[in-house]
file data_0.cif (mmCIF, C-alpha atoms and all ligand atoms)
data_start
#
loop_
_atom_site.label_atom_id
_atom_site.label_comp_id
_atom_site.auth_asym_id
_atom_site.auth_seq_id
_atom_site.Cartn_x
_atom_site.Cartn_y
_atom_site.Cartn_z
CA MET A 1 50.39 -22.97 0.75
CA VAL A 2 53.58 -22.60 -1.24
CA ASP A 3 53.83 -24.02 -4.76
CA ALA A 4 57.48 -25.02 -4.50
CA HIS A 5 57.99 -25.56 -8.23
CA ALA A 6 56.28 -24.21 -11.35
CA HIS A 7 57.08 -22.87 -14.79
CA LEU A 8 55.07 -19.66 -14.96
CA GLU A 9 57.31 -18.48 -17.80
CA ASP A 10 55.99 -21.33 -19.97
CA PRO A 11 54.10 -19.99 -23.01
CA ARG A 12 51.07 -22.06 -21.96
CA LEU A 13 50.70 -19.89 -18.83
CA THR A 14 51.94 -16.45 -19.86
CA ASP A 15 48.82 -15.44 -21.84
CA ASP A 16 46.50 -15.27 -18.85
CA LEU A 17 49.07 -15.12 -16.06
CA ASP A 18 47.25 -12.38 -14.11
CA ALA A 19 44.21 -14.67 -13.85
CA VAL A 20 46.41 -17.68 -13.02
CA ILE A 21 48.05 -15.76 -10.15
CA ALA A 22 44.67 -14.47 -8.93
CA ARG A 23 43.25 -18.02 -8.85
CA ALA A 24 46.35 -19.17 -6.94
CA HIS A 25 45.81 -16.48 -4.29
CA ALA A 26 42.12 -17.37 -4.08
CA ALA A 27 43.10 -21.00 -3.47
CA GLY A 28 45.39 -19.97 -0.58
CA VAL A 29 48.74 -20.02 -2.39
CA ILE A 30 51.01 -17.39 -0.81
CA ALA A 31 54.20 -18.04 -2.80
CA ILE A 32 55.26 -19.72 -6.03
CA VAL A 33 58.84 -20.65 -6.95
CA THR A 34 59.09 -20.52 -10.73
CA ALA A 35 62.09 -22.18 -12.37
CA GLY A 36 63.94 -21.46 -15.59
CA GLY A 37 65.59 -24.17 -17.71
CA ASP A 38 68.05 -22.13 -19.75
CA LEU A 39 69.20 -18.51 -19.95
CA GLU A 40 66.09 -17.29 -21.81
CA SER A 41 63.52 -18.90 -19.53
CA SER A 42 65.58 -17.98 -16.44
CA ALA A 43 65.49 -14.34 -17.57
CA ARG A 44 61.69 -14.61 -17.90
CA ALA A 45 61.46 -16.23 -14.44
CA VAL A 46 63.42 -13.33 -12.89
CA ARG A 47 61.17 -10.83 -14.67
CA LEU A 48 58.03 -12.53 -13.34
CA ALA A 49 59.48 -12.51 -9.83
CA GLU A 50 59.98 -8.76 -10.21
CA THR A 51 56.40 -8.33 -11.43
CA TYR A 52 54.44 -10.45 -8.93
CA PRO A 53 55.11 -10.11 -5.19
CA ALA A 54 54.25 -13.79 -4.51
CA VAL A 55 56.55 -15.14 -7.24
CA TYR A 56 60.18 -16.13 -6.59
CA ALA A 57 62.63 -17.42 -9.18
CA ALA A 58 65.13 -20.25 -9.60
CA VAL A 59 67.69 -19.96 -12.39
CA GLY A 60 69.70 -22.62 -14.20
CA TYR A 61 69.98 -25.12 -17.04
CA HIS A 62 67.62 -28.08 -17.13
CA PRO A 63 69.36 -31.37 -17.99
CA HIS A 64 67.45 -31.37 -21.32
CA GLU A 65 69.31 -28.16 -22.21
CA ALA A 66 72.70 -29.23 -20.83
CA SER A 67 74.35 -29.52 -24.25
CA ARG A 68 73.50 -25.84 -24.93
CA PHE A 69 75.26 -24.75 -21.74
CA GLN A 70 78.25 -22.41 -22.22
CA PRO A 71 80.64 -21.79 -19.31
CA GLY A 72 79.96 -18.04 -19.80
CA GLY A 73 76.32 -18.73 -18.92
CA LEU A 74 77.43 -19.31 -15.36
CA ASP A 75 78.41 -15.63 -15.07
CA GLN A 76 74.89 -14.54 -16.00
CA LEU A 77 73.40 -17.05 -13.54
CA ARG A 78 75.77 -15.83 -10.82
CA ALA A 79 74.64 -12.24 -11.43
CA TRP A 80 70.97 -13.26 -11.11
CA CYS A 81 71.70 -15.14 -7.88
CA ALA A 82 72.39 -11.78 -6.20
CA HIS A 83 68.82 -10.67 -6.99
CA PRO A 84 66.70 -10.58 -3.81
CA LYS A 85 63.91 -12.63 -5.45
CA VAL A 86 66.14 -15.35 -6.89
CA VAL A 87 65.94 -18.01 -4.20
CA ALA A 88 67.50 -21.12 -5.78
CA VAL A 89 69.69 -22.56 -8.51
CA GLY A 90 67.50 -24.71 -10.75
CA GLU A 91 66.00 -26.44 -12.50
CA ILE A 92 69.08 -28.61 -12.72
CA GLY A 93 69.56 -32.36 -12.55
CA LEU A 94 69.84 -35.56 -14.54
CA ASP A 95 67.33 -37.06 -16.97
CA PHE A 96 68.32 -40.51 -18.22
CA TYR A 97 64.80 -41.20 -19.49
CA TYR A 98 64.70 -38.71 -22.36
CA ASP A 99 68.52 -38.42 -22.64
CA ARG A 100 68.16 -35.16 -24.59
CA SER A 101 71.74 -34.26 -23.68
CA PRO A 102 74.58 -36.82 -23.39
CA ARG A 103 74.77 -38.16 -19.81
CA GLU A 104 78.35 -37.06 -19.26
CA VAL A 105 77.42 -33.52 -20.35
CA GLN A 106 74.37 -33.52 -18.04
CA ARG A 107 76.61 -34.53 -15.18
CA ARG A 108 79.25 -31.88 -15.85
CA VAL A 109 76.64 -29.13 -16.17
CA LEU A 110 74.94 -30.29 -12.97
CA GLU A 111 78.27 -30.17 -11.12
CA ALA A 112 78.95 -26.64 -12.41
CA HIS A 113 75.56 -25.51 -11.06
CA LEU A 114 76.14 -27.21 -7.70
CA GLY A 115 79.44 -25.35 -7.46
CA LEU A 116 77.63 -22.09 -8.15
CA ALA A 117 74.98 -22.87 -5.53
CA SER A 118 77.62 -23.43 -2.82
CA GLU A 119 79.45 -20.30 -3.92
CA VAL A 120 76.37 -18.07 -3.67
CA GLY A 121 74.80 -19.93 -0.73
CA LEU A 122 71.50 -20.80 -2.43
CA PRO A 123 69.64 -24.14 -2.35
CA VAL A 124 69.15 -26.23 -5.50
CA VAL A 125 66.00 -27.39 -7.29
CA VAL A 126 66.79 -30.78 -8.76
CA HIS A 127 65.10 -32.79 -11.50
CA CYS A 128 65.67 -36.55 -11.52
CA ARG A 129 64.26 -39.00 -14.02
CA GLU A 130 65.54 -42.59 -14.14
CA ALA A 131 68.86 -41.29 -12.78
CA GLY A 132 68.59 -41.88 -9.02
CA ALA A 133 71.89 -43.72 -8.50
CA ALA A 134 73.97 -41.30 -10.59
CA LEU A 135 72.34 -38.26 -9.00
CA LEU A 136 72.88 -39.61 -5.49
CA GLU A 137 76.57 -40.07 -6.23
CA VAL A 138 76.92 -36.44 -7.40
CA LEU A 139 74.87 -35.02 -4.51
CA ARG A 140 76.71 -37.11 -1.94
CA ALA A 141 80.05 -35.72 -3.11
CA TRP A 142 78.63 -32.18 -3.10
CA SER A 143 77.02 -32.32 0.30
CA ALA A 144 79.99 -33.95 2.07
CA PRO A 145 81.66 -31.49 4.42
CA THR A 146 84.95 -30.21 3.05
CA PRO A 147 87.86 -30.82 5.46
CA PHE A 148 89.31 -27.65 6.93
CA PRO A 149 92.53 -26.92 5.02
CA GLY A 150 94.75 -26.61 8.12
CA PRO A 151 98.15 -28.22 8.70
CA SER A 152 97.97 -32.02 8.53
CA PRO A 153 98.73 -34.15 11.65
CA GLU A 154 102.02 -35.22 10.03
CA GLN A 155 103.06 -31.58 9.97
CA GLY A 156 102.34 -31.35 13.66
CA GLY A 157 98.96 -29.70 13.24
CA GLU A 158 95.59 -30.62 14.66
CA ALA A 159 93.52 -33.24 12.88
CA ALA A 160 91.42 -31.76 10.06
CA ALA A 161 88.26 -30.29 11.51
CA LEU A 162 85.38 -28.24 10.20
CA PRO A 163 85.48 -24.58 11.12
CA SER A 164 82.39 -24.00 13.24
CA GLY A 165 79.44 -22.72 11.28
CA ALA A 166 81.53 -22.32 8.13
CA GLY A 167 80.37 -22.94 4.59
CA PRO A 168 76.96 -22.50 3.07
CA ALA A 169 74.33 -25.11 3.82
CA ARG A 170 74.22 -27.45 0.82
CA ARG A 171 70.52 -28.02 0.66
CA GLY A 172 67.88 -28.49 -1.96
CA MET A 173 64.79 -30.28 -3.10
CA ILE A 174 64.13 -33.15 -5.45
CA HIS A 175 61.25 -31.71 -7.41
CA CYS A 176 58.34 -33.88 -8.61
CA PHE A 177 59.93 -36.85 -6.87
CA SER A 178 59.43 -40.16 -8.65
CA GLY A 179 60.71 -43.40 -7.19
CA ASP A 180 60.16 -45.46 -4.07
CA ALA A 181 60.43 -44.65 -0.37
CA ASP A 182 63.92 -46.15 -0.21
CA LEU A 183 65.23 -43.73 -2.86
CA ALA A 184 63.47 -40.85 -1.09
CA CYS A 185 65.31 -41.74 2.14
CA ARG A 186 68.64 -41.78 0.31
CA PHE A 187 67.99 -38.27 -1.01
CA LEU A 188 67.02 -37.11 2.49
CA ALA A 189 70.37 -38.44 3.72
CA VAL A 190 72.25 -36.10 1.35
CA GLY A 191 70.33 -33.02 2.51
CA MET A 192 67.51 -32.96 -0.02
CA ASP A 193 63.86 -32.31 0.75
CA ILE A 194 61.26 -34.29 -1.19
CA SER A 195 58.68 -32.40 -3.23
CA LEU A 196 55.53 -34.15 -4.40
CA ALA A 197 53.58 -33.09 -7.48
CA GLY A 198 50.35 -34.15 -9.22
CA PRO A 199 51.35 -37.79 -9.86
CA VAL A 200 50.89 -38.64 -6.14
CA THR A 201 47.13 -38.10 -6.72
CA PHE A 202 46.90 -40.53 -9.62
CA THR A 203 44.85 -43.58 -8.71
CA ASN A 204 47.58 -46.09 -9.62
CA ALA A 205 50.44 -44.25 -7.86
CA ARG A 206 50.98 -46.79 -5.10
CA GLU A 207 54.74 -46.19 -4.82
CA LEU A 208 54.33 -42.41 -4.50
CA GLN A 209 51.54 -42.83 -1.95
CA GLU A 210 54.00 -44.83 0.14
CA VAL A 211 56.55 -42.00 -0.25
CA ALA A 212 53.92 -39.45 0.88
CA ARG A 213 53.52 -41.41 4.12
CA ALA A 214 57.22 -42.15 4.66
CA VAL A 215 58.89 -38.73 4.25
CA PRO A 216 59.29 -36.90 7.59
CA LEU A 217 56.94 -33.91 7.78
CA ASP A 218 59.84 -31.43 8.12
CA ALA A 219 61.34 -32.50 4.78
CA LEU A 220 58.20 -32.54 2.66
CA LEU A 221 57.17 -30.01 0.01
CA VAL A 222 54.32 -29.78 -2.49
CA GLU A 223 54.40 -28.33 -5.98
CA THR A 224 52.52 -28.26 -9.27
CA ASP A 225 55.31 -28.27 -11.92
CA SER A 226 52.74 -26.17 -13.86
CA PRO A 227 51.83 -26.28 -16.69
CA TYR A 228 52.63 -30.00 -16.58
CA LEU A 229 51.25 -32.90 -14.53
CA ALA A 230 47.86 -31.63 -13.33
CA PRO A 231 46.60 -33.65 -10.35
CA HIS A 232 43.64 -36.01 -10.52
CA PRO A 233 40.81 -35.29 -11.53
CA HIS A 234 42.39 -32.62 -13.77
CA ARG A 235 44.90 -35.05 -15.25
CA GLY A 236 45.80 -34.17 -18.85
CA GLN A 237 44.64 -30.54 -18.54
CA ARG A 238 46.87 -27.50 -18.20
CA ASN A 239 48.15 -27.32 -14.64
CA GLU A 240 48.39 -24.10 -12.60
CA PRO A 241 49.53 -23.15 -9.08
CA ALA A 242 45.98 -23.06 -7.63
CA LEU A 243 45.89 -26.84 -8.08
CA VAL A 244 48.70 -27.37 -5.56
CA ALA A 245 45.82 -27.44 -3.07
CA VAL A 246 44.48 -30.61 -4.70
CA THR A 247 47.84 -32.34 -4.32
CA ALA A 248 48.31 -31.09 -0.75
CA ARG A 249 44.84 -32.35 0.22
CA ARG A 250 45.65 -35.81 -1.14
CA VAL A 251 49.01 -35.89 0.67
CA ALA A 252 47.29 -34.88 3.93
CA GLU A 253 44.72 -37.65 3.45
CA LEU A 254 47.47 -40.22 2.77
CA ARG A 255 49.27 -39.19 5.96
CA GLY A 256 46.07 -39.14 8.00
CA MET A 257 46.61 -35.44 8.76
CA ASP A 258 44.38 -32.36 8.73
CA PHE A 259 44.82 -30.41 5.52
CA PRO A 260 45.60 -27.08 7.29
CA ALA A 261 48.38 -28.74 9.31
CA LEU A 262 49.92 -30.24 6.16
CA ALA A 263 49.61 -26.93 4.30
CA GLN A 264 51.24 -25.05 7.18
CA ALA A 265 54.11 -27.54 7.58
CA THR A 266 54.96 -27.70 3.87
CA SER A 267 54.81 -23.89 3.61
CA ALA A 268 57.14 -23.53 6.58
CA ASN A 269 59.53 -26.03 4.96
CA ALA A 270 59.53 -24.08 1.69
CA ALA A 271 60.01 -20.79 3.54
CA ARG A 272 63.00 -22.26 5.41
CA LEU A 273 64.59 -23.88 2.35
CA PHE A 274 64.25 -20.86 0.06
CA GLY A 275 64.47 -18.17 2.73
CA LEU A 276 61.05 -16.79 1.79
CA PRO A 277 59.86 -13.87 3.92
CA LEU A 278 56.53 -15.50 4.73
CA PRO A 279 54.43 -14.99 7.84
CA VAL A 280 54.84 -18.66 8.78
CA PRO A 281 54.22 -19.42 12.49
ZN ZN B 1 61.63 -31.38 -13.83
ZN ZN B 2 60.04 -28.37 -13.64
#

call {"tool": "encode", "arguments": {"input": "data_0.cif", "output": "structure tokens", "more": "lines below"}}
Ligand SMILES: [Zn+2]
Ligand SMILES: [Zn+2]
result
Amino acid sequence: MVDAHAHLEDPRLTDDLDAVIARAHAAGVIAIVTAGGDLESSARAVRLAETYPAVYAAVGYHPHEASRFQPGGLDQLRAWCAHPKVVAVGEIGLDFYYDRSPREVQRRVLEAHLGLASEVGLPVVVHCREAGAALLEVLRAWSAPTPFPGPSPEQGGEAAALPSGAGPARRGMIHCFSGDADLACRFLAVGMDISLAGPVTFTNARELQEVARAVPLDALLVETDSPYLAPHPHRGQRNEPALVAVTARRVAELRGMDFPALAQATSANAARLFGLPLPVP
């Protein structure tokens, strides 16, 4: 399995991280994508990716931290994106539930990160809380193919067409997806994969259970968002990557699939999205 989203650099996990990683391996986790939320935590994420072979990093500003974002920060992020173990720009997004940064600022910072992701050709790891419509609007604009800047028909040129195979794939994942199956489908339509975390295992999570059944198998990921959101029956405890197996088992059960098949498919999806060098069949 791949834990597609975690925060190993969180102080709640750093103290016994060797043991946390060992338990993840014992549970069958072959890769973990750990995400920063500002420059400091992104630096720690890159360092962990350098330390542990199975750990990969995403770098960026979380919407909570958007008001601390300085345009110069983008240069540091760009430099990290060239690192072989930095596989995504994130965690970025919109959070209109906590509103810890003004919404307009969140949106501008998100757009700056999306621009960086297309520039460096990396996928994005996106956080969305109570901001589905606004996020869809931004992602739709980002993922729309840019017309080829050739001569216009009025100037006697060919109609605008996309150069074949040009431009980086604008892809990403909505991490810890919350919302209904309809919203999930709208994100799929703008090139996002859907990643499910612990809440899909909660007994009252009817909407998310529906999402787990509805998302096509080739666009589905699983994650822990460690140290947050431990799956049932560990709810309320510290979460860690080994517990992605609990979530994956529940998702397999909801889809009426064998667990190994679900684990293999979601790992292959993560390997494809992040370009992980995994021995995935
Ligand atoms: Zn998040
Ligand atoms: Zn997160």

call {"tool": "closest_residue", "arguments": {"input": "data_0.cif", "among": "A:Ser42, A:Arg12, A:Ala134, A:Leu221", "to": "Ala79 in chain A", "atoms": "all atoms listed in the file"}}
result
A:Ser42

call {"tool": "closest_residue", "arguments": {"input": "data_0.cif", "among": "A:Gln237, A:Thr247, A:Ser118, A:Thr266", "to": "Asp193 in chain A", "atoms": "all atoms listed in the file"}}
result
A:Thr266

call {"tool": "residues_around", "arguments": {"input": "data_0.cif", "residues": "Gly93 in chain A", "least_positions_apart": "2", "cutoff": "8 Å", "atoms": "only C-alpha atoms", "output": "CSV table (one decimal) with C-alpha atoms, keeping the file's coordinate frame"}}
result
chain,number,residue,atom,x,y,z
A,62,HIS,CA,67.6,-28.1,-17.1
A,63,PRO,CA,69.4,-31.4,-18.0
A,91,GLU,CA,66.0,-26.4,-12.5
A,95,ASP,CA,67.3,-37.1,-17.0
A,106,GLN,CA,74.4,-33.5,-18.0
A,107,ARG,CA,76.6,-34.5,-15.2
A,110,LEU,CA,74.9,-30.3,-13.0
A,126,VAL,CA,66.8,-30.8,-8.8
A,127,HIS,CA,65.1,-32.8,-11.5
A,128,CYS,CA,65.7,-36.6,-11.5
A,135,LEU,CA,72.3,-38.3,-9.0

call {"tool": "atom_distance", "arguments": {"input": "data_0.cif", "atom1": "CA of Ile30 in chain A", "atom2": "CA of Ser226 in chain A"}}
result
15.8 Å

call {"tool": "residues_near_ligand", "arguments": {"input": "data_0.cif", "ligand": "ligand ZN 2 (chain B)", "cutoff": "10 Å", "atoms": "only C-alpha atoms and all ligand atoms", "output": "list in words"}}
result
His5, Ala6, His7, Thr34, Ala35, Gly36, Gly37, His62, Gly90, Glu91, Ile92, Val125, Val126, His127, His175, Cys176, Glu223, Thr224, Asp225, Ser226, Pro227, Tyr228 and Leu229 of chain A

call {"tool": "residues_around", "arguments": {"input": "data_0.cif", "residues": "Leu276 in chain A", "least_positions_apart": "3", "cutoff": "12 Å", "atoms": "all atoms listed in the file", "output": "mmCIF file with C-alpha atoms, in the coordinates of the input"}}
result
data_model
loop_
_atom_site.group_PDB
_atom_site.id
_atom_site.type_symbol
_atom_site.label_atom_id
_atom_site.label_comp_id
_atom_site.auth_asym_id
_atom_site.auth_seq_id
_atom_site.Cartn_x
_atom_site.Cartn_y
_atom_site.Cartn_z
ATOM 1 C CA VAL A 2 53.580 -22.600 -1.240
ATOM 2 C CA ALA A 4 57.480 -25.020 -4.500
ATOM 3 C CA ILE A 30 51.010 -17.390 -0.810
ATOM 4 C CA ALA A 31 54.200 -18.040 -2.800
ATOM 5 C CA ILE A 32 55.260 -19.720 -6.030
ATOM 6 C CA VAL A 33 58.840 -20.650 -6.950
ATOM 7 C CA PRO A 53 55.110 -10.110 -5.190
ATOM 8 C CA ALA A 54 54.250 -13.790 -4.510
ATOM 9 C CA VAL A 55 56.550 -15.140 -7.240
ATOM 10 C CA TYR A 56 60.180 -16.130 -6.590
ATOM 11 C CA ALA A 57 62.630 -17.420 -9.180
ATOM 12 C CA PRO A 84 66.700 -10.580 -3.810
ATOM 13 C CA LYS A 85 63.910 -12.630 -5.450
ATOM 14 C CA VAL A 86 66.140 -15.350 -6.890
ATOM 15 C CA VAL A 87 65.940 -18.010 -4.200
ATOM 16 C CA ALA A 88 67.500 -21.120 -5.780
ATOM 17 C CA LEU A 122 71.500 -20.800 -2.430
ATOM 18 C CA SER A 267 54.810 -23.890 3.610
ATOM 19 C CA ALA A 268 57.140 -23.530 6.580
ATOM 20 C CA ASN A 269 59.530 -26.030 4.960
ATOM 21 C CA ALA A 270 59.530 -24.080 1.690
ATOM 22 C CA ALA A 271 60.010 -20.790 3.540
ATOM 23 C CA ARG A 272 63.000 -22.260 5.410
ATOM 24 C CA LEU A 273 64.590 -23.880 2.350
ATOM 25 C CA PRO A 279 54.430 -14.990 7.840
ATOM 26 C CA VAL A 280 54.840 -18.660 8.780
#

call {"tool": "closest_residue", "arguments": {"input": "data_0.cif", "among": "A:Arg129, A:Arg44, A:His25, A:His83", "to": "ligand ZN 1 (chain B)", "atoms": "all atoms listed in the file"}}
result
A:Arg129

call {"tool": "residues_around", "arguments": {"input": "data_0.cif", "residues": "Ala214 in chain A", "least_positions_apart": "6", "cutoff": "9 Å", "atoms": "only C-alpha atoms", "output": "list in words"}}
result
Ala181, Ala184, Cys185 and Arg255 of chain A

call {"tool": "closest_residue", "arguments": {"input": "data_0.cif", "among": "A:Ala19, A:Val138, A:Ala45, A:Met173", "to": "ligand ZN 1 (chain B)", "atoms": "all atoms listed in the file"}}
result
A:Met173

call {"tool": "residues_near_point", "arguments": {"input": "data_0.cif", "point": "(49.6, -37.0, 0.7)", "cutoff": "8 Å", "atoms": "only C-alpha atoms", "output": "PDB file with C-alpha atoms, keeping the file's coordinate frame"}}
result
ATOM      1  CA  VAL A 200      50.890 -38.640  -6.140  1.00  0.00           C
ATOM      2  CA  THR A 201      47.130 -38.100  -6.720  1.00  0.00           C
ATOM      3  CA  GLN A 209      51.540 -42.830  -1.950  1.00  0.00           C
ATOM      4  CA  ALA A 212      53.920 -39.450   0.880  1.00  0.00           C
ATOM      5  CA  ARG A 213      53.520 -41.410   4.120  1.00  0.00           C
ATOM      6  CA  THR A 247      47.840 -32.340  -4.320  1.00  0.00           C
ATOM      7  CA  ALA A 248      48.310 -31.090  -0.750  1.00  0.00           C
ATOM      8  CA  ARG A 249      44.840 -32.350   0.220  1.00  0.00           C
ATOM      9  CA  ARG A 250      45.650 -35.810  -1.140  1.00  0.00           C
ATOM     10  CA  VAL A 251      49.010 -35.890   0.670  1.00  0.00           C
ATOM     11  CA  ALA A 252      47.290 -34.880   3.930  1.00  0.00           C
ATOM     12  CA  GLU A 253      44.720 -37.650   3.450  1.00  0.00           C
ATOM     13  CA  LEU A 254      47.470 -40.220   2.770  1.00  0.00           C
ATOM     14  CA  ARG A 255      49.270 -39.190   5.960  1.00  0.00           C
TER      15      ARG A 255
END

call {"tool": "closest_residue", "arguments": {"input": "data_0.cif", "among": "A:Glu111, A:Glu104, A:Glu240, A:Glu65", "to": "Asp38 in chain A", "atoms": "all atoms listed in the file"}}
result
A:Glu65

call {"tool": "closest_residue", "arguments": {"input": "data_0.cif", "among": "A:Ser178, A:Pro11, A:Ser101, A:Glu210", "to": "ligand ZN 1 (chain B)", "atoms": "all atoms listed in the file"}}
result
A:Ser178

call {"tool": "axis_aligned_box", "arguments": {"input": "data_0.cif", "around": "range 185-189 of chain A", "padding_each_side": "8 Å", "output": "JSON"}}
result
{"center_x": 67.8, "center_y": -39.4, "center_z": 1.4, "size_x": 21.1, "size_y": 20.7, "size_z": 20.7}

call {"tool": "atom_distance", "arguments": {"input": "data_0.cif", "atom1": "CA of Leu77 in chain A", "atom2": "CA of Met192 in chain A"}}
result
21.7 Å

call {"tool": "build_atoms", "arguments": {"input": "data_0.cif", "residues": "range 258-270 of chain A", "atoms": "N, CA and C atoms", "output": "PDB file, in the coordinates of the input"}}
result
ATOM      1  N   ASP A 258      45.268 -33.450   9.145  1.00  0.00           N
ATOM      2  CA  ASP A 258      44.380 -32.360   8.730  1.00  0.00           C
ATOM      3  C   ASP A 258      45.063 -31.607   7.597  1.00  0.00           C
ATOM      4  N   PHE A 259      44.255 -31.168   6.635  1.00  0.00           N
ATOM      5  CA  PHE A 259      44.820 -30.410   5.520  1.00  0.00           C
ATOM      6  C   PHE A 259      45.521 -29.128   5.980  1.00  0.00           C
ATOM      7  N   PRO A 260      44.914 -28.321   6.883  1.00  0.00           N
ATOM      8  CA  PRO A 260      45.600 -27.080   7.290  1.00  0.00           C
ATOM      9  C   PRO A 260      46.975 -27.347   7.920  1.00  0.00           C
ATOM     10  N   ALA A 261      47.094 -28.426   8.683  1.00  0.00           N
ATOM     11  CA  ALA A 261      48.380 -28.740   9.310  1.00  0.00           C
ATOM     12  C   ALA A 261      49.420 -29.099   8.254  1.00  0.00           C
ATOM     13  N   LEU A 262      48.999 -29.863   7.241  1.00  0.00           N
ATOM     14  CA  LEU A 262      49.920 -30.240   6.160  1.00  0.00           C
ATOM     15  C   LEU A 262      50.322 -29.004   5.368  1.00  0.00           C
ATOM     16  N   ALA A 263      49.330 -28.143   5.084  1.00  0.00           N
ATOM     17  CA  ALA A 263      49.610 -26.930   4.300  1.00  0.00           C
ATOM     18  C   ALA A 263      50.595 -26.045   5.064  1.00  0.00           C
ATOM     19  N   GLN A 264      50.373 -25.904   6.363  1.00  0.00           N
ATOM     20  CA  GLN A 264      51.240 -25.050   7.180  1.00  0.00           C
ATOM     21  C   GLN A 264      52.672 -25.618   7.259  1.00  0.00           C
ATOM     22  N   ALA A 265      52.774 -26.929   7.457  1.00  0.00           N
ATOM     23  CA  ALA A 265      54.110 -27.540   7.580  1.00  0.00           C
ATOM     24  C   ALA A 265      54.883 -27.442   6.275  1.00  0.00           C
ATOM     25  N   THR A 266      54.231 -27.746   5.140  1.00  0.00           N
ATOM     26  CA  THR A 266      54.960 -27.700   3.870  1.00  0.00           C
ATOM     27  C   THR A 266      55.333 -26.265   3.500  1.00  0.00           C
ATOM     28  N   SER A 267      54.476 -25.302   3.878  1.00  0.00           N
ATOM     29  CA  SER A 267      54.810 -23.890   3.610  1.00  0.00           C
ATOM     30  C   SER A 267      55.997 -23.462   4.448  1.00  0.00           C
ATOM     31  N   ALA A 268      56.014 -23.875   5.710  1.00  0.00           N
ATOM     32  CA  ALA A 268      57.140 -23.530   6.580  1.00  0.00           C
ATOM     33  C   ALA A 268      58.427 -24.147   6.040  1.00  0.00           C
ATOM     34  N   ASN A 269      58.350 -25.381   5.528  1.00  0.00           N
ATOM     35  CA  ASN A 269      59.530 -26.030   4.960  1.00  0.00           C
ATOM     36  C   ASN A 269      60.058 -25.256   3.756  1.00  0.00           C
ATOM     37  N   ALA A 270      59.129 -24.834   2.884  1.00  0.00           N
ATOM     38  CA  ALA A 270      59.530 -24.080   1.690  1.00  0.00           C
ATOM     39  C   ALA A 270      60.130 -22.740   2.099  1.00  0.00           C
TER      40      ALA A 270
END
